[in-house]
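Asker: Sharing start25.cif below, mmCIF, C-alpha atoms and all ligand atoms:
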```cif
data_coords
#
loop_
_atom_site.group_PDB
_atom_site.id
_atom_site.type_symbol
_atom_site.label_atom_id
_atom_site.label_comp_id
_atom_site.auth_asym_id
_atom_site.auth_seq_id
_atom_site.Cartn_x
_atom_site.Cartn_y
_atom_site.Cartn_z
ATOM 1 C CA MET V 1 63.753 110.398 92.832
ATOM 2 C CA SER V 2 66.790 110.347 90.581
ATOM 3 C CA GLU V 3 69.222 107.492 91.193
ATOM 4 C CA THR V 4 72.148 109.866 90.693
ATOM 5 C CA VAL V 5 73.292 113.229 92.010
ATOM 6 C CA THR V 6 75.507 115.826 90.389
ATOM 7 C CA LEU V 7 77.903 117.921 92.432
ATOM 8 C CA THR V 8 81.147 119.815 92.039
ATOM 9 C CA ILE V 9 84.362 118.950 93.815
ATOM 10 C CA ASN V 10 87.123 121.538 93.613
ATOM 11 C CA GLY V 11 85.239 123.115 90.713
ATOM 12 C CA ARG V 12 84.894 119.873 88.734
ATOM 13 C CA SER V 13 81.468 118.410 88.037
ATOM 14 C CA ILE V 14 80.711 114.762 88.644
ATOM 15 C CA THR V 15 77.567 112.633 88.600
ATOM 16 C CA VAL V 16 77.520 109.655 90.925
ATOM 17 C CA PRO V 17 74.958 107.173 92.260
ATOM 18 C CA ARG V 18 73.016 108.477 95.257
ATOM 19 C CA GLN V 19 74.683 107.478 98.580
ATOM 20 C CA THR V 20 78.181 107.660 97.075
ATOM 21 C CA THR V 21 80.436 109.253 99.682
ATOM 22 C CA ILE V 22 82.348 112.445 98.969
ATOM 23 C CA LEU V 23 85.551 110.446 99.455
ATOM 24 C CA ASP V 24 84.648 107.942 96.743
ATOM 25 C CA ALA V 25 83.419 110.646 94.358
ATOM 26 C CA ALA V 26 86.628 112.619 94.821
ATOM 27 C CA ARG V 27 88.691 109.515 94.162
ATOM 28 C CA GLN V 28 86.791 108.982 90.903
ATOM 29 C CA LEU V 29 88.020 112.435 89.886
ATOM 30 C CA GLY V 30 91.565 111.579 90.945
ATOM 31 C CA ILE V 31 91.357 113.979 93.897
ATOM 32 C CA ASP V 32 93.161 112.667 96.942
ATOM 33 C CA ILE V 33 91.587 113.259 100.353
ATOM 34 C CA PRO V 34 93.783 112.075 103.238
ATOM 35 C CA VAL V 35 92.420 109.416 105.587
ATOM 36 C CA ILE V 36 93.624 107.813 108.803
ATOM 37 C CA CYS V 37 90.846 105.803 110.450
ATOM 38 C CA TYR V 38 89.219 104.927 107.117
ATOM 39 C CA HIS V 39 90.029 101.482 105.683
ATOM 40 C CA PRO V 40 88.510 100.303 102.383
ATOM 41 C CA HIS V 41 87.413 96.951 103.827
ATOM 42 C CA LEU V 42 85.861 98.305 107.016
ATOM 43 C CA ILE V 43 82.695 100.310 107.682
ATOM 44 C CA ALA V 44 83.642 103.992 107.782
ATOM 45 C CA ASN V 45 82.951 105.825 111.029
ATOM 46 C CA GLY V 46 84.397 109.301 110.509
ATOM 47 C CA LEU V 47 86.312 109.086 113.764
ATOM 48 C CA CYS V 48 89.605 110.840 113.028
ATOM 49 C CA ARG V 49 88.041 113.663 110.946
ATOM 50 C CA VAL V 50 91.219 114.165 108.922
ATOM 51 C CA CYS V 51 89.191 113.636 105.727
ATOM 52 C CA SER V 52 86.937 116.603 106.574
ATOM 53 C CA VAL V 53 86.029 118.897 103.682
ATOM 54 C CA GLU V 54 83.917 121.985 103.139
ATOM 55 C CA ALA V 55 80.572 120.890 101.700
ATOM 56 C CA GLY V 56 78.290 123.878 102.301
ATOM 57 C CA GLY V 57 77.319 123.024 105.864
ATOM 58 C CA ARG V 58 77.848 124.963 109.088
ATOM 59 C CA THR V 59 80.781 122.695 109.901
ATOM 60 C CA GLN V 60 83.126 120.658 107.768
ATOM 61 C CA ALA V 61 81.970 117.168 106.808
ATOM 62 C CA ALA V 62 83.907 113.922 107.105
ATOM 63 C CA ALA V 63 84.234 112.817 103.472
ATOM 64 C CA CYS V 64 84.336 109.104 104.342
ATOM 65 C CA VAL V 65 80.807 109.079 105.776
ATOM 66 C CA THR V 66 79.056 112.005 104.064
ATOM 67 C CA ALA V 67 76.924 111.154 101.052
ATOM 68 C CA CYS V 68 77.051 113.351 97.979
ATOM 69 C CA ALA V 69 73.963 115.510 97.416
ATOM 70 C CA GLU V 70 72.489 117.193 94.368
ATOM 71 C CA GLY V 71 74.131 120.577 93.771
ATOM 72 C CA MET V 72 76.661 120.115 96.556
ATOM 73 C CA VAL V 73 79.788 122.256 96.236
ATOM 74 C CA VAL V 74 82.804 120.606 97.857
ATOM 75 C CA GLN V 75 86.239 122.016 98.575
ATOM 76 C CA THR V 76 88.765 119.399 99.625
ATOM 77 C CA ASP V 77 91.877 121.519 99.978
ATOM 78 C CA SER V 78 90.852 125.042 101.028
ATOM 79 C CA ASP V 79 92.731 127.026 103.674
ATOM 80 C CA ASN V 80 90.068 126.137 106.254
ATOM 81 C CA VAL V 81 90.291 122.451 105.416
ATOM 82 C CA ARG V 82 94.073 122.417 105.595
ATOM 83 C CA HIS V 83 93.967 124.328 108.879
ATOM 84 C CA GLY V 84 91.611 121.749 110.374
ATOM 85 C CA ARG V 85 93.747 118.834 109.226
ATOM 86 C CA ARG V 86 96.897 120.470 110.559
ATOM 87 C CA THR V 87 95.273 120.934 113.979
ATOM 88 C CA ILE V 88 94.100 117.305 114.118
ATOM 89 C CA LEU V 89 97.596 116.116 113.262
ATOM 90 C CA GLU V 90 99.122 118.423 115.874
ATOM 91 C CA MET V 91 96.795 117.046 118.550
ATOM 92 C CA LEU V 92 97.703 113.483 117.587
ATOM 93 C CA ALA V 93 101.413 114.291 117.657
ATOM 94 C CA ALA V 94 101.045 115.873 121.102
ATOM 95 C CA THR V 95 99.431 112.850 122.703
ATOM 96 C CA VAL V 96 100.430 109.677 120.856
ATOM 97 C CA ASN V 97 103.749 108.047 120.002
ATOM 98 C CA LEU V 98 103.642 108.121 116.201
ATOM 99 C CA ALA V 99 107.180 106.840 115.637
ATOM 100 C CA GLU V 100 105.879 103.751 113.825
ATOM 101 C CA ALA V 101 103.039 105.447 111.935
ATOM 102 C CA PRO V 102 104.691 106.400 108.626
ATOM 103 C CA GLU V 103 101.486 107.423 106.872
ATOM 104 C CA ILE V 104 100.589 109.862 109.652
ATOM 105 C CA LEU V 105 104.146 111.186 109.793
ATOM 106 C CA ALA V 106 103.931 111.827 106.053
ATOM 107 C CA LEU V 107 100.712 113.811 106.579
ATOM 108 C CA ILE V 108 102.357 115.807 109.372
ATOM 109 C CA ALA V 109 105.102 116.776 106.962
ATOM 110 C CA GLU V 110 102.703 117.476 104.089
ATOM 111 C CA TYR V 111 100.470 119.760 106.169
ATOM 112 C CA GLY V 112 103.311 121.474 107.995
ATOM 113 C CA ALA V 113 101.917 120.379 111.365
ATOM 114 C CA ASP V 114 103.880 121.548 114.382
ATOM 115 C CA ALA V 115 104.307 118.494 116.622
ATOM 116 C CA ALA V 116 105.233 120.816 119.523
ATOM 117 C CA ARG V 117 102.200 123.110 119.226
ATOM 118 C CA PHE V 118 100.484 121.718 122.345
ATOM 119 C CA PRO V 119 103.308 121.355 124.901
ATOM 120 C CA ASP V 120 100.875 120.973 127.827
ATOM 121 C CA ALA V 121 98.949 118.096 126.293
ATOM 122 C CA VAL V 122 99.000 114.940 128.405
ATOM 123 C CA PRO V 123 100.525 112.126 126.360
ATOM 124 C CA ARG V 124 99.021 108.664 126.451
ATOM 125 C CA GLU V 125 100.524 106.451 129.089
ATOM 126 C CA SER V 126 99.809 102.774 128.997
ATOM 127 C CA PRO V 127 101.669 99.636 129.981
ATOM 128 C CA ILE V 128 102.618 97.447 127.048
ATOM 129 C CA HIS V 129 100.324 94.430 127.088
ATOM 130 C CA ASP V 130 102.441 91.321 126.557
ATOM 131 C CA ASP V 131 99.919 88.657 127.492
ATOM 132 C CA ASN V 132 100.028 86.101 124.699
ATOM 133 C CA PRO V 133 102.596 84.436 122.409
ATOM 134 C CA PHE V 134 101.390 86.129 119.239
ATOM 135 C CA TYR V 135 101.198 89.897 119.482
ATOM 136 C CA LEU V 136 101.837 92.924 121.689
ATOM 137 C CA ARG V 137 99.494 95.836 122.385
ATOM 138 C CA ASP V 138 101.151 99.205 123.006
ATOM 139 C CA TYR V 139 98.380 101.734 123.441
ATOM 140 C CA ASN V 140 100.918 104.547 123.819
ATOM 141 C CA GLN V 141 100.894 104.307 120.014
ATOM 142 C CA CYS V 142 97.127 104.045 119.625
ATOM 143 C CA ILE V 143 95.060 106.778 117.943
ATOM 144 C CA ASN V 144 91.663 105.140 118.680
ATOM 145 C CA CYS V 145 90.940 104.689 115.010
ATOM 146 C CA TRP V 146 88.749 101.682 115.853
ATOM 147 C CA ARG V 147 90.017 99.603 112.927
ATOM 148 C CA CYS V 148 91.063 96.737 115.226
ATOM 149 C CA VAL V 149 87.711 96.772 117.009
ATOM 150 C CA GLN V 150 85.774 96.638 113.761
ATOM 151 C CA VAL V 151 87.841 93.903 112.134
ATOM 152 C CA CYS V 152 87.522 91.847 115.329
ATOM 153 C CA ALA V 153 83.747 92.374 115.315
ATOM 154 C CA ASN V 154 81.095 92.653 112.612
ATOM 155 C CA ASP V 155 83.379 93.665 109.759
ATOM 156 C CA ALA V 156 85.335 90.405 109.592
ATOM 157 C CA GLN V 157 86.053 88.037 112.446
ATOM 158 C CA PHE V 158 82.979 88.207 114.720
ATOM 159 C CA ALA V 159 85.190 87.443 117.721
ATOM 160 C CA PHE V 160 84.375 90.646 119.659
ATOM 161 C CA ALA V 161 87.527 90.406 121.776
ATOM 162 C CA LEU V 162 88.268 94.157 121.582
ATOM 163 C CA ASN V 163 86.225 97.257 122.299
ATOM 164 C CA PHE V 164 86.537 100.788 123.613
ATOM 165 C CA ASP V 165 87.403 101.203 127.274
ATOM 166 C CA HIS V 166 87.087 104.268 129.566
ATOM 167 C CA ARG V 167 85.613 107.633 128.519
ATOM 168 C CA GLY V 168 86.508 110.962 126.932
ATOM 169 C CA TYR V 169 90.189 111.891 126.838
ATOM 170 C CA PHE V 170 91.039 108.601 128.533
ATOM 171 C CA THR V 171 89.259 106.427 126.006
ATOM 172 C CA THR V 172 91.401 103.522 124.913
ATOM 173 C CA ILE V 173 91.018 100.100 123.364
ATOM 174 C CA GLY V 174 90.585 97.253 125.801
ATOM 175 C CA THR V 175 89.189 93.841 126.512
ATOM 176 C CA PHE V 176 86.163 92.818 128.542
ATOM 177 C CA MET V 177 86.992 93.483 132.208
ATOM 178 C CA GLY V 178 90.600 94.142 131.161
ATOM 179 C CA ASP V 179 91.249 90.421 130.769
ATOM 180 C CA GLY V 180 94.498 89.304 129.175
ATOM 181 C CA MET V 181 94.095 88.289 125.544
ATOM 182 C CA MET V 182 94.297 84.555 126.342
ATOM 183 C CA ASP V 183 91.177 84.920 128.484
ATOM 184 C CA THR V 184 89.096 86.717 125.863
ATOM 185 C CA THR V 185 87.279 85.462 122.790
ATOM 186 C CA CYS V 186 90.350 86.300 120.664
ATOM 187 C CA VAL V 187 91.180 83.614 118.087
ATOM 188 C CA PHE V 188 94.576 85.172 117.229
ATOM 189 C CA CYS V 189 93.707 85.602 113.568
ATOM 190 C CA GLY V 190 96.052 88.606 113.397
ATOM 191 C CA GLN V 191 93.628 90.784 111.446
ATOM 192 C CA CYS V 192 93.733 93.544 114.061
ATOM 193 C CA VAL V 193 97.514 93.675 113.697
ATOM 194 C CA GLY V 194 97.123 93.847 109.928
ATOM 195 C CA VAL V 195 94.844 96.891 109.950
ATOM 196 C CA CYS V 196 96.540 98.884 112.732
ATOM 197 C CA PRO V 197 98.052 102.019 111.130
ATOM 198 C CA THR V 198 100.380 102.990 113.970
ATOM 199 C CA GLY V 199 102.321 99.940 115.149
ATOM 200 C CA ALA V 200 100.309 99.842 118.382
ATOM 201 C CA LEU V 201 99.618 96.205 117.573
ATOM 202 C CA LYS V 202 102.709 94.278 116.578
ATOM 203 C CA PRO V 203 103.556 90.597 116.003
ATOM 204 C CA LYS V 204 105.581 89.412 118.960
ATOM 205 C CA ARG V 205 108.180 87.820 116.687
ATOM 206 C CA GLN V 206 108.732 91.156 114.952
ATOM 207 C CA ALA V 207 109.065 92.959 118.291
ATOM 208 C CA LEU V 208 111.590 90.439 119.577
ATOM 209 C CA LEU V 209 113.583 90.548 116.331
ATOM 210 C CA GLU V 210 113.720 94.351 116.641
ATOM 211 C CA GLN V 211 115.041 93.902 120.183
ATOM 212 C CA GLY V 212 117.836 91.685 118.868
ATOM 213 C CA VAL V 213 116.603 88.504 120.542
ATOM 214 C CA ASP V 214 118.131 85.304 119.190
ATOM 215 C CA PRO V 215 115.790 83.680 116.591
ATOM 216 C CA ASP V 216 115.870 80.302 118.380
ATOM 217 C CA ASP V 217 114.790 82.021 121.569
ATOM 218 C CA ILE V 218 112.080 83.891 119.671
ATOM 219 C CA PHE V 219 110.788 80.598 118.314
ATOM 220 C CA TYR V 220 110.653 79.166 121.832
ATOM 221 C CA GLN V 221 108.974 82.260 123.301
ATOM 222 C CA THR V 222 106.289 82.454 120.637
ATOM 223 C CA ARG V 223 105.332 78.787 120.398
ATOM 224 C CA GLN V 224 104.768 77.949 124.031
ATOM 225 C CA LYS V 225 101.197 77.080 124.843
ATOM 226 C CA ARG V 226 99.386 78.815 127.649
ATOM 227 C CA LYS V 227 96.155 77.636 129.157
ATOM 228 C CA ARG V 228 93.017 79.703 129.051
ATOM 229 C CA LYS V 229 90.996 80.219 132.204
ATOM 230 C CA PRO V 230 88.604 77.286 132.821
HETATM 231 S S1 LIG M 1 95.317 99.634 118.328
HETATM 232 FE FE1 LIG M 1 95.780 100.312 116.211
HETATM 233 S S2 LIG M 1 93.971 99.671 115.006
HETATM 234 FE FE2 LIG M 1 93.373 99.617 117.182
HETATM 235 S S3 LIG M 1 92.430 101.614 117.571
HETATM 236 FE FE3 LIG M 1 94.608 101.772 118.153
HETATM 237 S S4 LIG M 1 95.637 102.566 116.325
HETATM 238 FE FE4 LIG M 1 93.634 101.823 115.664
#
```
How does this structure look as structure tokens?

Answerer:
Amino acid sequence: MSETVTLTINGRSITVPRQTTILDAARQLGIDIPVICYHPHLIANGLCRVCSVEAGGRTQAAACVTACAEGMVVQTDSDNVRHGRRTILEMLAATVNLAEAPEILALIAEYGADAARFPDAVPRESPIHDDNPFYLRDYNQCINCWRCVQVCANDAQFAFALNFDHRGYFTTIGTFMGDGMMDTTCVFCGQCVGVCPTGALKPKRQALLEQGVDPDDIFYQTRQKRKRKP
């Protein structure tokens, strides 16, 4: 079996090593495919589907997880592809607070997504979790991209403090038994905050600065030690 495959992307031919994803092959050609859940240092899962392209199958394929195949013909920016992306963005806008997600807001503008298209959608409602001195979790701003879960688990930290919680429409990110962060295996490395694309995870000092809290008070609030459960 050949170690390479040749395909066309938007009419341009490219030969790449077998198992190369469509996303990586397109990037080699300088073709930009938008991503949201994808992060270059994390295992791709194809969760958000905004990178979906036409690749000859019955349905569109998520470019971040679909391997190139010999003779494949890929369209990354057809009307169907743009329509799909616009709908995904409209569903996100209808259910999640994206005010601090500049990359997604830029996509909404680029694809002409109508943030008011689904007026009956039930927005996310979650209390803001302020349970440790280091960072806040506001799942009203969470798109379930899973980046924080992955970086906390096998992709980097191996702490396994975060995971999915609940099912279906009500799926969210949570901790084991809903414990506060101080009672989990969290080591407060901050990597989840670093990869979050929406501001759902935010350093507590940043949040307090934004609220206009006095810096001395912020220092006091974010240095106090709290005991873990025995
Ligand atoms: S908290 Fe942030 S990183 Fe975690 S799933 Fe939600 S949006 Fe993604």

Asker: Given the choices V:Ile14, V:Leu42, V:Val65, V:Ala109, which gets closest to ligand LIG 1 (chain M) if the distance is worked out from only C-alpha atoms and all ligand atoms?

Answerer: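 For ligand LIG 1 (chain M), the nearest of the given residues is V:Leu42.
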
Asker: Taking only C-alpha atoms and all ligand atoms into account, report as a VMD selection string which residues have an atom no farther than 10 Å from an atom of ligand LIG 1 (chain M).

Answerer: chain V and resid 36 to 37 96 98 101 136 to 152 162 to 164 172 to 174 191 to 202

Asker: Between CA of Arg223 (chain V) and CA of Tyr135 (chain V), what is the distance, to one decimal in Å?

Answerer: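 Taking CA of Arg223 (chain V) as the start and CA of Tyr135 (chain V) as the end point, the length is 11.9 Å.
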
Asker: What does the distance from CA of Ala161 (chain V) to CA of Cys186 (chain V) come to in Å, to one decimal?

Answerer: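 Spanning CA of Ala161 (chain V) to CA of Cys186 (chain V) is a straight-line distance of 5.1 Å.
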
Asker: What gap, in Å, lies between CA of Leu29 (chain V) and CA of Val5 (chain V)?

Answerer: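 Interatomic distance, CA of Leu29 (chain V) to CA of Val5 (chain V): 14.9 Å.
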
Asker: Show me, as a PDB file with C-alpha atoms, in the frame of the given file, the residues that have an atom within 8 Å of Val53 (chain V) when counting only C-alpha atoms, minus same-chain residues fewer than 2 positions from it.

Answerer:
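This is the output file around-v2.pdb:
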```
ATOM      1  CA  CYS V  51      89.191 113.636 105.727  1.00  0.00           C
ATOM      2  CA  ALA V  55      80.572 120.890 101.700  1.00  0.00           C
ATOM      3  CA  GLN V  60      83.126 120.658 107.768  1.00  0.00           C
ATOM      4  CA  ALA V  61      81.970 117.168 106.808  1.00  0.00           C
ATOM      5  CA  ALA V  62      83.907 113.922 107.105  1.00  0.00           C
ATOM      6  CA  ALA V  63      84.234 112.817 103.472  1.00  0.00           C
ATOM      7  CA  VAL V  74      82.804 120.606  97.857  1.00  0.00           C
ATOM      8  CA  GLN V  75      86.239 122.016  98.575  1.00  0.00           C
ATOM      9  CA  THR V  76      88.765 119.399  99.625  1.00  0.00           C
ATOM     10  CA  ASP V  77      91.877 121.519  99.978  1.00  0.00           C
ATOM     11  CA  VAL V  81      90.291 122.451 105.416  1.00  0.00           C
TER      12      VAL V  81
END
```

Asker: Please supply region 49-74 of chain V, rebuilt with N, CA and C atoms, as a tab-separated table (two decimals), in the frame of the given file.

Answerer:
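Okay, this is what ended up in rebuild_38.tsv:
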```tsv
chain	number	residue	atom	x	y	z
V	49	ARG	N	88.44	112.39	111.56
V	49	ARG	CA	88.04	113.66	110.95
V	49	ARG	C	89.10	114.27	110.03
V	50	VAL	N	90.18	113.56	109.76
V	50	VAL	CA	91.22	114.16	108.92
V	50	VAL	C	90.76	114.27	107.47
V	51	CYS	N	89.71	113.55	107.10
V	51	CYS	CA	89.19	113.64	105.73
V	51	CYS	C	88.15	114.74	105.59
V	52	SER	N	87.98	115.57	106.61
V	52	SER	CA	86.94	116.60	106.57
V	52	SER	C	87.14	117.58	105.42
V	53	VAL	N	86.02	117.97	104.82
V	53	VAL	CA	86.03	118.90	103.68
V	53	VAL	C	84.93	119.94	103.89
V	54	GLU	N	85.01	121.01	103.14
V	54	GLU	CA	83.92	121.98	103.14
V	54	GLU	C	82.87	121.52	102.12
V	55	ALA	N	81.62	121.40	102.59
V	55	ALA	CA	80.57	120.89	101.70
V	55	ALA	C	79.30	121.72	101.82
V	56	GLY	N	79.44	122.98	102.24
V	56	GLY	CA	78.29	123.88	102.30
V	56	GLY	C	77.57	123.89	103.63
V	57	GLY	N	77.98	123.08	104.56
V	57	GLY	CA	77.32	123.02	105.86
V	57	GLY	C	77.94	124.00	106.85
V	58	ARG	N	77.33	124.06	108.05
V	58	ARG	CA	77.85	124.96	109.09
V	58	ARG	C	79.25	124.54	109.51
V	59	THR	N	79.46	123.22	109.55
V	59	THR	CA	80.78	122.70	109.90
V	59	THR	C	81.30	121.85	108.75
V	60	GLN	N	82.57	121.52	108.80
V	60	GLN	CA	83.13	120.66	107.77
V	60	GLN	C	82.55	119.25	107.92
V	61	ALA	N	82.58	118.50	106.82
V	61	ALA	CA	81.97	117.17	106.81
V	61	ALA	C	83.04	116.12	106.57
V	62	ALA	N	82.95	115.02	107.32
V	62	ALA	CA	83.91	113.92	107.10
V	62	ALA	C	83.57	113.24	105.78
V	63	ALA	N	84.50	113.30	104.83
V	63	ALA	CA	84.23	112.82	103.47
V	63	ALA	C	83.97	111.32	103.42
V	64	CYS	N	84.49	110.57	104.39
V	64	CYS	CA	84.34	109.10	104.34
V	64	CYS	C	82.94	108.64	104.71
V	65	VAL	N	82.15	109.50	105.35
V	65	VAL	CA	80.81	109.08	105.78
V	65	VAL	C	79.70	110.00	105.25
V	66	THR	N	80.06	111.05	104.54
V	66	THR	CA	79.06	112.00	104.06
V	66	THR	C	78.68	111.69	102.62
V	67	ALA	N	77.39	111.47	102.41
V	67	ALA	CA	76.92	111.15	101.05
V	67	ALA	C	76.87	112.41	100.20
V	68	CYS	N	77.18	112.24	98.93
V	68	CYS	CA	77.05	113.35	97.98
V	68	CYS	C	75.58	113.73	97.85
V	69	ALA	N	75.34	115.02	97.59
V	69	ALA	CA	73.96	115.51	97.42
V	69	ALA	C	73.89	116.35	96.14
V	70	GLU	N	72.70	116.43	95.60
V	70	GLU	CA	72.49	117.19	94.37
V	70	GLU	C	72.89	118.66	94.58
V	71	GLY	N	73.72	119.18	93.70
V	71	GLY	CA	74.13	120.58	93.77
V	71	GLY	C	75.18	120.88	94.82
V	72	MET	N	75.66	119.88	95.50
V	72	MET	CA	76.66	120.12	96.56
V	72	MET	C	77.94	120.72	95.95
V	73	VAL	N	78.52	121.66	96.67
V	73	VAL	CA	79.79	122.26	96.24
V	73	VAL	C	80.83	121.91	97.30
V	74	VAL	N	81.83	121.14	96.90
V	74	VAL	CA	82.80	120.61	97.86
V	74	VAL	C	84.18	121.20	97.59
```
